[in-house]
file model.cif (mmCIF, C-alpha atoms and all ligand atoms)
data_structure
#
loop_
_atom_site.label_atom_id
_atom_site.label_comp_id
_atom_site.auth_asym_id
_atom_site.auth_seq_id
_atom_site.Cartn_x
_atom_site.Cartn_y
_atom_site.Cartn_z
CA MET A 1 0.00 0.00 0.00
CA SER A 2 1.33 3.47 -0.83
CA ALA A 3 2.21 5.94 1.95
CA THR A 4 -0.70 8.21 0.87
CA LYS A 5 -3.15 5.30 1.01
CA ILE A 6 -1.94 4.28 4.49
CA LYS A 7 -2.26 7.90 5.65
CA SER A 8 -5.80 8.22 4.31
CA SER A 9 -6.84 4.85 5.77
CA ASN A 10 -5.43 5.93 9.17
CA GLU A 11 -7.33 9.19 8.92
CA SER A 12 -10.59 7.48 8.13
CA LYS A 13 -10.02 5.04 11.04
CA MET A 14 -9.42 8.04 13.32
CA LYS A 15 -12.56 9.76 12.01
CA ASN A 16 -14.71 6.68 12.55
CA PHE A 17 -13.35 6.13 16.01
CA CYS A 18 -13.90 9.75 17.09
CA HIS A 19 -17.41 9.74 15.66
CA ASN A 20 -18.42 6.43 17.24
CA LEU A 21 -16.91 7.13 20.67
CA PRO A 22 -19.70 8.09 23.13
CA LYS A 23 -18.74 11.68 23.98
CA ILE A 24 -19.28 14.24 26.71
CA GLU A 25 -19.49 17.96 25.87
CA LEU A 26 -19.07 20.35 28.78
CA HIS A 27 -18.53 23.73 27.10
CA ALA A 28 -21.03 24.77 24.42
CA HIS A 29 -22.62 28.24 24.13
CA LEU A 30 -26.09 27.92 22.64
CA ASN A 31 -26.00 30.87 20.24
CA GLY A 32 -22.47 30.05 19.12
CA SER A 33 -23.45 26.43 18.46
CA LEU A 34 -26.11 27.12 15.83
CA SER A 35 -25.24 25.35 12.59
CA CYS A 36 -25.77 27.01 9.20
CA GLN A 37 -28.75 24.73 8.76
CA THR A 38 -30.35 25.87 12.02
CA LEU A 39 -29.57 29.52 11.28
CA THR A 40 -31.19 29.21 7.86
CA LYS A 41 -34.26 27.60 9.42
CA LEU A 42 -34.44 30.44 11.96
CA PHE A 43 -33.97 33.09 9.24
CA ASN A 44 -36.87 31.55 7.37
CA MET A 45 -38.98 31.41 10.51
CA LYS A 46 -38.38 35.11 10.91
CA HIS A 47 -39.14 35.74 7.21
CA ALA A 48 -35.97 37.82 6.98
CA ARG A 49 -35.02 36.60 3.54
CA ASP A 50 -32.91 39.70 2.91
CA THR A 51 -30.47 38.66 5.65
CA ASN A 52 -27.73 36.40 4.40
CA HIS A 53 -26.07 33.89 6.69
CA GLU A 54 -22.85 34.10 4.65
CA ASN A 55 -22.02 36.97 7.02
CA PHE A 56 -21.42 34.28 9.63
CA ASP A 57 -17.79 34.05 8.58
CA VAL A 58 -15.39 33.97 11.46
CA GLU A 59 -12.35 33.72 9.13
CA LYS A 60 -12.84 37.39 8.28
CA CYS A 61 -12.46 38.43 11.93
CA ASN A 62 -9.15 39.94 12.89
CA SER A 63 -9.51 40.19 16.63
CA LEU A 64 -11.22 38.58 19.56
CA THR A 65 -13.62 41.52 19.82
CA GLU A 66 -14.63 41.08 16.17
CA ILE A 67 -15.46 37.44 16.88
CA PHE A 68 -17.91 38.62 19.52
CA ASP A 69 -19.72 40.67 16.87
CA VAL A 70 -20.44 37.41 15.03
CA PHE A 71 -22.88 36.45 17.78
CA SER A 72 -25.14 39.39 16.93
CA LEU A 73 -26.13 37.49 13.81
CA ALA A 74 -27.41 34.53 15.82
CA TYR A 75 -29.15 36.95 18.20
CA SER A 76 -31.06 38.55 15.34
CA VAL A 77 -32.87 35.26 14.70
CA THR A 78 -33.35 34.10 18.30
CA GLU A 79 -35.58 36.91 19.51
CA THR A 80 -38.70 34.92 20.35
CA PRO A 81 -39.30 31.96 22.71
CA GLU A 82 -40.26 29.90 19.64
CA ALA A 83 -36.93 30.61 17.93
CA VAL A 84 -34.94 29.92 21.11
CA TYR A 85 -36.82 26.62 21.47
CA THR A 86 -36.00 25.60 17.87
CA ALA A 87 -32.36 26.71 18.26
CA THR A 88 -32.02 24.57 21.39
CA TYR A 89 -33.86 21.52 20.07
CA ASP A 90 -31.92 21.44 16.81
CA THR A 91 -28.58 22.01 18.53
CA ILE A 92 -29.18 19.14 20.96
CA LYS A 93 -30.14 16.91 18.03
CA GLU A 94 -26.90 17.79 16.22
CA PHE A 95 -24.78 16.94 19.25
CA TYR A 96 -26.73 13.68 19.56
CA GLU A 97 -26.01 12.90 15.88
CA ASP A 98 -22.31 13.31 16.68
CA ASN A 99 -22.72 10.63 19.39
CA VAL A 100 -22.57 13.06 22.28
CA ILE A 101 -24.27 11.26 25.18
CA TYR A 102 -24.07 14.09 27.71
CA LEU A 103 -24.24 17.78 26.90
CA GLU A 104 -23.97 20.87 29.06
CA LEU A 105 -25.35 23.81 27.14
CA ARG A 106 -24.79 27.31 28.45
CA SER A 107 -26.64 30.45 27.46
CA THR A 108 -27.10 34.09 28.46
CA PRO A 109 -30.77 34.91 29.20
CA ARG A 110 -31.87 37.65 26.84
CA ALA A 111 -34.83 40.00 27.12
CA CYS A 112 -36.13 41.65 23.97
CA GLU A 113 -39.40 43.03 22.66
CA LYS A 114 -41.08 39.64 22.35
CA MET A 115 -39.45 37.80 25.26
CA THR A 116 -38.43 38.18 28.91
CA LYS A 117 -35.30 36.58 30.33
CA LYS A 118 -37.48 34.06 32.15
CA GLU A 119 -39.28 33.12 28.92
CA TYR A 120 -35.88 32.73 27.25
CA ILE A 121 -34.79 30.20 29.89
CA LEU A 122 -38.18 28.43 29.79
CA ALA A 123 -37.88 27.98 26.01
CA ILE A 124 -34.53 26.23 26.53
CA THR A 125 -35.72 24.00 29.39
CA GLN A 126 -38.81 23.05 27.34
CA ALA A 127 -36.64 22.01 24.39
CA ILE A 128 -34.45 19.95 26.75
CA LYS A 129 -37.56 18.22 28.14
CA ASP A 130 -38.96 17.58 24.65
CA CYS A 131 -35.68 16.06 23.43
CA LYS A 132 -35.88 13.69 26.39
CA LYS A 133 -39.51 12.84 25.51
CA SER A 134 -38.60 12.08 21.91
CA ASN A 135 -36.12 9.51 23.24
CA LEU A 136 -32.97 11.17 21.99
CA SER A 137 -30.41 9.26 24.02
CA ILE A 138 -28.51 12.31 25.22
CA LYS A 139 -28.65 13.81 28.70
CA VAL A 140 -28.72 17.61 28.68
CA LYS A 141 -28.06 20.15 31.44
CA LEU A 142 -28.12 23.93 31.35
CA LEU A 143 -25.74 26.54 32.75
CA ILE A 144 -27.06 30.09 32.93
CA SER A 145 -24.43 32.47 31.58
CA VAL A 146 -23.36 35.78 33.00
CA ASN A 147 -21.91 38.02 30.31
CA ARG A 148 -19.13 40.04 31.95
CA LYS A 149 -19.69 42.90 29.50
CA GLN A 150 -23.35 43.40 30.50
CA GLY A 151 -22.52 44.68 33.99
CA PHE A 152 -23.38 43.92 37.60
CA LYS A 153 -27.16 44.41 37.41
CA ALA A 154 -27.59 41.93 34.54
CA ALA A 155 -25.23 39.45 36.22
CA LYS A 156 -27.21 39.62 39.46
CA GLU A 157 -30.50 39.18 37.60
CA ASN A 158 -29.25 36.11 35.69
CA ILE A 159 -27.99 34.49 38.88
CA ARG A 160 -31.26 35.27 40.69
CA LEU A 161 -33.20 33.65 37.84
CA ALA A 162 -30.95 30.59 37.88
CA ILE A 163 -31.42 30.15 41.63
CA GLU A 164 -35.18 30.63 41.39
CA MET A 165 -35.74 28.44 38.32
CA LYS A 166 -33.51 25.52 39.31
CA GLN A 167 -36.13 24.63 41.97
CA GLU A 168 -38.56 23.60 39.24
CA HIS A 169 -36.17 22.73 36.42
CA ASP A 170 -33.59 20.25 37.56
CA CYS A 171 -31.69 20.54 34.28
CA ILE A 172 -30.43 23.96 35.50
CA VAL A 173 -27.22 23.02 37.28
CA GLY A 174 -24.80 25.90 37.13
CA ILE A 175 -23.55 29.34 36.20
CA ASP A 176 -21.12 30.18 33.41
CA LEU A 177 -19.04 33.34 33.47
CA SER A 178 -18.34 34.34 29.88
CA GLY A 179 -18.37 37.22 27.40
CA ASP A 180 -15.62 39.25 25.78
CA PRO A 181 -12.65 38.78 28.16
CA THR A 182 -11.28 42.21 27.28
CA LYS A 183 -14.36 43.86 28.79
CA GLY A 184 -16.09 44.03 32.18
CA GLU A 185 -15.25 41.97 35.25
CA ALA A 186 -15.66 38.55 36.87
CA PHE A 187 -18.32 39.34 39.55
CA ILE A 188 -16.76 36.94 42.03
CA GLU A 189 -19.01 38.09 44.89
CA LEU A 190 -22.05 37.11 42.80
CA LEU A 191 -20.51 33.74 41.92
CA HIS A 192 -20.20 33.14 45.69
CA ILE A 193 -23.96 33.69 46.06
CA ALA A 194 -24.67 31.23 43.22
CA ARG A 195 -22.39 28.62 44.75
CA THR A 196 -24.00 28.99 48.19
CA ALA A 197 -27.38 28.41 46.53
CA GLY A 198 -26.14 25.05 45.23
CA LEU A 199 -25.18 25.96 41.67
CA LYS A 200 -21.93 24.75 40.12
CA ILE A 201 -19.63 27.35 38.60
CA ALA A 202 -17.76 27.23 35.29
CA ALA A 203 -15.71 30.36 34.65
CA HIS A 204 -13.89 31.45 31.51
CA CYS A 205 -10.44 32.36 32.74
CA ALA A 206 -7.22 33.77 31.25
CA GLU A 207 -8.42 33.85 27.63
CA VAL A 208 -6.31 36.99 27.39
CA PRO A 209 -3.44 38.03 29.71
CA ASN A 210 -4.89 39.33 32.99
CA GLU A 211 -2.84 37.98 35.86
CA VAL A 212 -4.71 39.65 38.72
CA GLU A 213 -8.17 38.58 37.57
CA SER A 214 -7.01 35.06 36.65
CA MET A 215 -5.50 34.63 40.12
CA ASP A 216 -8.74 35.87 41.74
CA ILE A 217 -10.80 33.39 39.70
CA ILE A 218 -8.50 30.45 40.45
CA LYS A 219 -8.48 31.29 44.16
CA PHE A 220 -12.30 31.37 44.12
CA LYS A 221 -12.02 27.73 42.95
CA PRO A 222 -14.76 27.38 40.34
CA ASP A 223 -15.83 23.79 39.62
CA ARG A 224 -14.34 24.14 36.13
CA LEU A 225 -12.34 26.73 34.20
CA GLY A 226 -12.81 27.66 30.55
CA HIS A 227 -9.71 27.89 28.33
CA GLY A 228 -6.95 28.84 30.83
CA THR A 229 -4.86 30.08 27.90
CA CYS A 230 -2.65 32.78 29.45
CA ILE A 231 -1.61 31.06 32.67
CA HIS A 232 1.75 29.51 31.81
CA PRO A 233 4.72 31.95 31.96
CA LEU A 234 5.44 31.29 28.26
CA SER A 235 1.82 32.18 27.37
CA ASN A 236 1.77 35.59 29.04
CA GLY A 237 0.96 34.17 32.46
CA SER A 238 3.46 33.76 35.29
CA GLU A 239 5.22 31.08 37.27
CA GLU A 240 3.12 31.86 40.35
CA LEU A 241 -0.16 31.77 38.41
CA TYR A 242 0.74 28.48 36.75
CA GLU A 243 1.80 26.85 40.02
CA THR A 244 -1.41 28.01 41.74
CA PHE A 245 -3.44 26.67 38.84
CA LEU A 246 -1.72 23.26 38.80
CA SER A 247 -2.09 22.80 42.53
CA SER A 248 -5.77 23.88 42.38
CA LYS A 249 -6.52 20.79 40.22
CA ILE A 250 -9.52 22.67 38.77
CA PRO A 251 -10.56 20.83 35.58
CA VAL A 252 -10.06 22.99 32.52
CA GLU A 253 -12.24 22.99 29.39
CA LEU A 254 -10.01 23.19 26.31
CA CYS A 255 -11.40 24.32 22.96
CA LEU A 256 -8.71 23.97 20.29
CA SER A 257 -10.43 25.31 17.16
CA SER A 258 -11.89 28.21 19.10
CA ASN A 259 -8.47 29.28 20.41
CA ILE A 260 -6.87 29.05 16.98
CA MET A 261 -9.68 30.94 15.24
CA CYS A 262 -9.80 33.60 17.95
CA LYS A 263 -6.01 33.83 17.56
CA THR A 264 -5.37 33.51 21.30
CA VAL A 265 -3.11 30.51 20.50
CA PRO A 266 -0.81 30.75 17.44
CA THR A 267 -0.78 27.08 16.28
CA TYR A 268 -2.24 23.73 17.29
CA ASP A 269 1.24 22.47 18.20
CA ALA A 270 1.63 25.38 20.61
CA HIS A 271 -1.71 24.75 22.31
CA HIS A 272 -1.60 24.51 26.10
CA PHE A 273 -3.26 21.07 25.83
CA LYS A 274 0.28 19.73 25.45
CA TYR A 275 1.81 20.77 28.74
CA LEU A 276 -1.41 20.42 30.74
CA TYR A 277 -1.87 16.86 29.48
CA GLU A 278 1.77 16.06 30.20
CA SER A 279 1.36 17.51 33.71
CA LYS A 280 -1.72 15.28 34.16
CA HIS A 281 -3.84 18.33 34.97
CA PRO A 282 -7.59 17.47 34.81
CA LEU A 283 -8.89 18.57 31.42
CA CYS A 284 -11.60 17.98 28.86
CA ILE A 285 -12.00 18.76 25.17
CA CYS A 286 -14.94 20.92 24.10
CA THR A 287 -16.32 22.77 21.07
CA ASP A 288 -17.11 26.23 22.60
CA ASP A 289 -19.12 27.50 19.58
CA LYS A 290 -19.46 24.70 17.05
CA GLY A 291 -21.45 26.87 14.62
CA VAL A 292 -19.07 29.83 14.64
CA PHE A 293 -15.95 27.67 14.39
CA ASN A 294 -17.47 25.08 12.05
CA THR A 295 -16.54 22.16 14.27
CA THR A 296 -17.94 19.15 16.12
CA LEU A 297 -16.73 17.38 19.23
CA SER A 298 -15.53 14.52 17.00
CA LYS A 299 -13.46 16.97 14.94
CA GLU A 300 -11.90 18.41 18.13
CA LEU A 301 -10.90 14.90 19.21
CA ILE A 302 -9.35 14.22 15.80
CA LEU A 303 -7.21 17.35 16.29
CA VAL A 304 -6.03 16.02 19.64
CA MET A 305 -5.12 12.65 18.08
CA LYS A 306 -3.34 14.30 15.17
CA TYR A 307 -1.38 17.01 16.92
CA PHE A 308 -0.66 15.34 20.25
CA ASN A 309 -0.49 11.68 19.26
CA LEU A 310 -3.21 10.45 21.58
CA SER A 311 -4.24 6.85 20.98
CA GLU A 312 -7.79 5.47 20.90
CA ASN A 313 -7.24 4.20 24.42
CA ASP A 314 -6.05 7.63 25.59
CA LEU A 315 -9.27 9.17 24.23
CA ILE A 316 -11.42 6.59 26.01
CA LYS A 317 -9.62 7.45 29.26
CA LEU A 318 -10.01 11.17 28.56
CA MET A 319 -13.73 10.76 27.99
CA LYS A 320 -14.17 8.77 31.20
CA SER A 321 -12.39 11.45 33.21
CA THR A 322 -14.52 14.09 31.46
CA ALA A 323 -17.60 12.30 32.87
CA SER A 324 -16.27 12.88 36.35
CA TYR A 325 -16.09 16.67 35.78
CA ALA A 326 -19.73 16.89 34.64
CA PHE A 327 -22.25 18.84 36.71
CA ALA A 328 -24.28 15.65 37.07
CA SER A 329 -25.20 13.33 39.94
CA CYS A 330 -22.95 10.39 40.87
CA ILE A 331 -25.53 8.00 39.41
CA GLU A 332 -25.55 9.90 36.12
CA LYS A 333 -21.74 10.01 35.97
CA ASN A 334 -21.55 6.26 36.58
CA GLU A 335 -24.07 5.70 33.79
CA LEU A 336 -21.90 7.70 31.41
CA ILE A 337 -18.78 5.78 32.41
CA GLU A 338 -20.64 2.49 31.89
CA ILE A 339 -21.64 3.51 28.36
CA ILE A 340 -18.03 4.44 27.53
CA ASP A 341 -16.78 1.18 29.07
CA GLY A 342 -19.32 -0.72 26.97
CA PHE A 343 -17.99 0.98 23.84
CA SER A 344 -14.40 0.27 24.87
CA LYS A 345 -15.17 -3.43 25.36
CA SER A 346 -16.96 -3.68 22.03
CA ALA A 347 -13.90 -2.13 20.35
CA GLU A 348 -11.68 -4.72 22.06
CA ASN A 349 -14.01 -7.45 20.83
CA THR A 350 -13.54 -6.26 17.28
CA VAL A 351 -9.77 -6.53 17.71
CA LYS A 352 -10.15 -10.07 19.13
CA VAL A 353 -12.30 -11.18 16.19
CA THR A 354 -9.73 -9.85 13.73
CA LYS A 355 -6.99 -11.72 15.62
CA ASN A 356 -9.01 -14.94 15.54
CA PHE A 357 -9.47 -14.57 11.80
CA LYS A 358 -5.73 -14.35 11.34
P1 LIG B 1 -25.29 32.61 24.27
O1 LIG B 1 -24.86 32.86 25.69
O2 LIG B 1 -26.12 31.37 24.08
O3 LIG B 1 -25.97 33.83 23.72
O4 LIG B 1 -23.98 32.31 23.40
C1 LIG B 1 -23.15 33.31 22.81
C2 LIG B 1 -22.38 34.06 23.89
O5 LIG B 1 -21.47 33.17 24.55
C3 LIG B 1 -21.48 35.19 23.38
O6 LIG B 1 -22.17 36.38 23.18
C4 LIG B 1 -20.46 35.32 24.49
O7 LIG B 1 -20.97 36.08 25.55
C5 LIG B 1 -20.32 33.88 24.97
N1 LIG B 1 -19.13 33.24 24.38
C6 LIG B 1 -19.06 32.43 23.33
N2 LIG B 1 -17.79 32.05 23.10
C7 LIG B 1 -17.04 32.62 24.05
C8 LIG B 1 -15.65 32.58 24.37
O8 LIG B 1 -14.80 31.95 23.72
N3 LIG B 1 -15.26 33.33 25.43
C9 LIG B 1 -16.13 34.04 26.19
N4 LIG B 1 -17.43 34.08 25.93
C10 LIG B 1 -17.88 33.38 24.87
ZN ZN B 2 -16.65 29.69 25.83
#
call {"tool": "encode", "arguments": {"input": "model.cif", "output": "structure tokens", "more": "lines below"}}
Ligand code: IMP
Ligand code: ZN
result
Amino acid sequence: MSATKIKSSNESKMKNFCHNLPKIELHAHLNGSLSCQTLTKLFNMKHARDTNHENFDVEKCNSLTEIFDVFSLAYSVTETPEAVYTATYDTIKEFYEDNVIYLELRSTPRACEKMTKKEYILAITQAIKDCKKSNLSIKVKLLISVNRKQGFKAAKENIRLAIEMKQEHDCIVGIDLSGDPTKGEAFIELLHIARTAGLKIAAHCAEVPNEVESMDIIKFKPDRLGHGTCIHPLSNGSEELYETFLSSKIPVELCLSSNIMCKTVPTYDAHHFKYLYESKHPLCICTDDKGVFNTTLSKELILVMKYFNLSENDLIKLMKSTASYAFASCIEKNELIEIIDGFSKSAENTVKVTKNFK
């Protein structure tokens, strides 16, 4: 077999494996996850045929702030509870089609002319319930996002809604701190209130260099951190920050395509996955905004295999540890691990059969 043929057969084996592996997604923003197909459907629902989704082109963005403007396009078609419901339902279905068995969606409640923040959240929880009713075998939880740019009052309101609504909607499990990292602040005192009320906290941290804020977030000890890009001294962090981070053992959500496209990491080879994985720091692989960055969780895993030489077995282990970082009950986490173990055994069986044939 020629070298090119071997390479392409290896790639297709990798693709199949990453697609078939039962996966866990812990970092997905709803409005950034809308596929072109879903956006088109939503444009049509809104009868805005003059708007063209070709504008949804992240490649043309030159800075992190420009990337954040891309979201305004998704917002223009998710302005009613109906549209938010469809956006959520279709996004869950797409993750399910990629063999994601557990998904934590996160979203910033939005009030507009035709919708209150509470109605926005209700539309999402309804879609989650309906996906469950239609027997999609994917478990879905929701984190309510606080957008750092929107200020203290909005942050407080979102957290109040999350605390109030989690009583009736057990899919609401946590708070996400997100938004343009070059703007606003981390609202740590509000995150304390959310934690005391029983919500888990996932905080975007160190997407851009900001040693003081990153240290404050790490010392607050969120349940998970997003990105953690500028922590290492060689990535505009510092020795002290990196040491504090490693000893915190806070699991970090790594989103490779997102970091490359937002230009916060120069190349895949230089991604902080490498030294965090080598240091055995708890980590998981996520999509961030699969619509904006034209990715899937399977594609992100392929990148990890390609650039960092992880084997199939390494990915199975990674996925099992990811289950343990989920904002789910112990019973749910064990169920996820059982499904992954089942997959792993069936893969071993295939190998055995091949051996027997030989
Ligand atoms: P939404 O919260 O469902 O509306 O999803 C889009 C929002 O997620 C954006 O407006 C940002 O606030 C947030 N977001 C998406 N990607 C990132 C990221 O990489 N860093 C910080 N915030 C992000
Ligand atoms: Zn994010």
call {"tool": "closest_residue", "arguments": {"input": "model.cif", "among": "A:Thr65, A:Asn20, A:Ser248, A:Ser298", "to": "ligand LIG 1 (chain B)", "atoms": "only C-alpha atoms and all ligand atoms"}}
result
A:Thr65
call {"tool": "closest_residue", "arguments": {"input": "model.cif", "among": "A:Leu103, A:Leu30, A:Ile260, A:Leu161", "to": "ligand ZN 2 (chain B)", "atoms": "all atoms listed in the file"}}
result
A:Leu30
call {"tool": "closest_atom_pairs", "arguments": {"input": "model.cif", "of": "chain A", "to": "ligand LIG 1 (chain B)", "cutoff": "6 Å", "atoms": "all atoms listed in the file", "output": "tab-separated table"}}
result
residue	atom	partner	partner_atom	distance
A:His29	CA	B:LIG1	O4	4.4
A:Leu30	CA	B:LIG1	O2	3.7
A:Asn31	CA	B:LIG1	O2	3.9
A:Gly32	CA	B:LIG1	C1	5.0
A:Phe71	CA	B:LIG1	O6	5.4
A:Ser107	CA	B:LIG1	O1	3.5
A:Thr108	CA	B:LIG1	O1	3.8
A:Ser145	CA	B:LIG1	O1	5.9
A:Asn147	CA	B:LIG1	O7	5.2
A:Ser178	CA	B:LIG1	N4	4.1
A:Gly179	CA	B:LIG1	O7	3.4
A:Asp180	CA	B:LIG1	C9	5.3
A:Asp288	CA	B:LIG1	N2	5.9
A:Asp289	CA	B:LIG1	N2	5.9
call {"tool": "residues_near_point", "arguments": {"input": "model.cif", "point": "(-34.6, 37.8, 20.9)", "cutoff": "10 Å", "atoms": "all atoms listed in the file", "output": "list in words"}}
result
Ala74, Tyr75, Ser76, Val77, Thr78, Glu79, Thr80, Pro81, Glu82, Ala83, Val84, Pro109, Arg110, Ala111, Cys112, Glu113, Lys114, Met115, Thr116, Lys117 and Tyr120 of chain A
call {"tool": "residues_near_ligand", "arguments": {"input": "model.cif", "ligand": "ligand ZN 2 (chain B)", "cutoff": "10 Å", "atoms": "only C-alpha atoms and all ligand atoms", "output": "PyMOL selection string"}}
result
chain A and resi 27-29+32+106+176-180+202-205+207+225-227+253-255+258-259+286-289
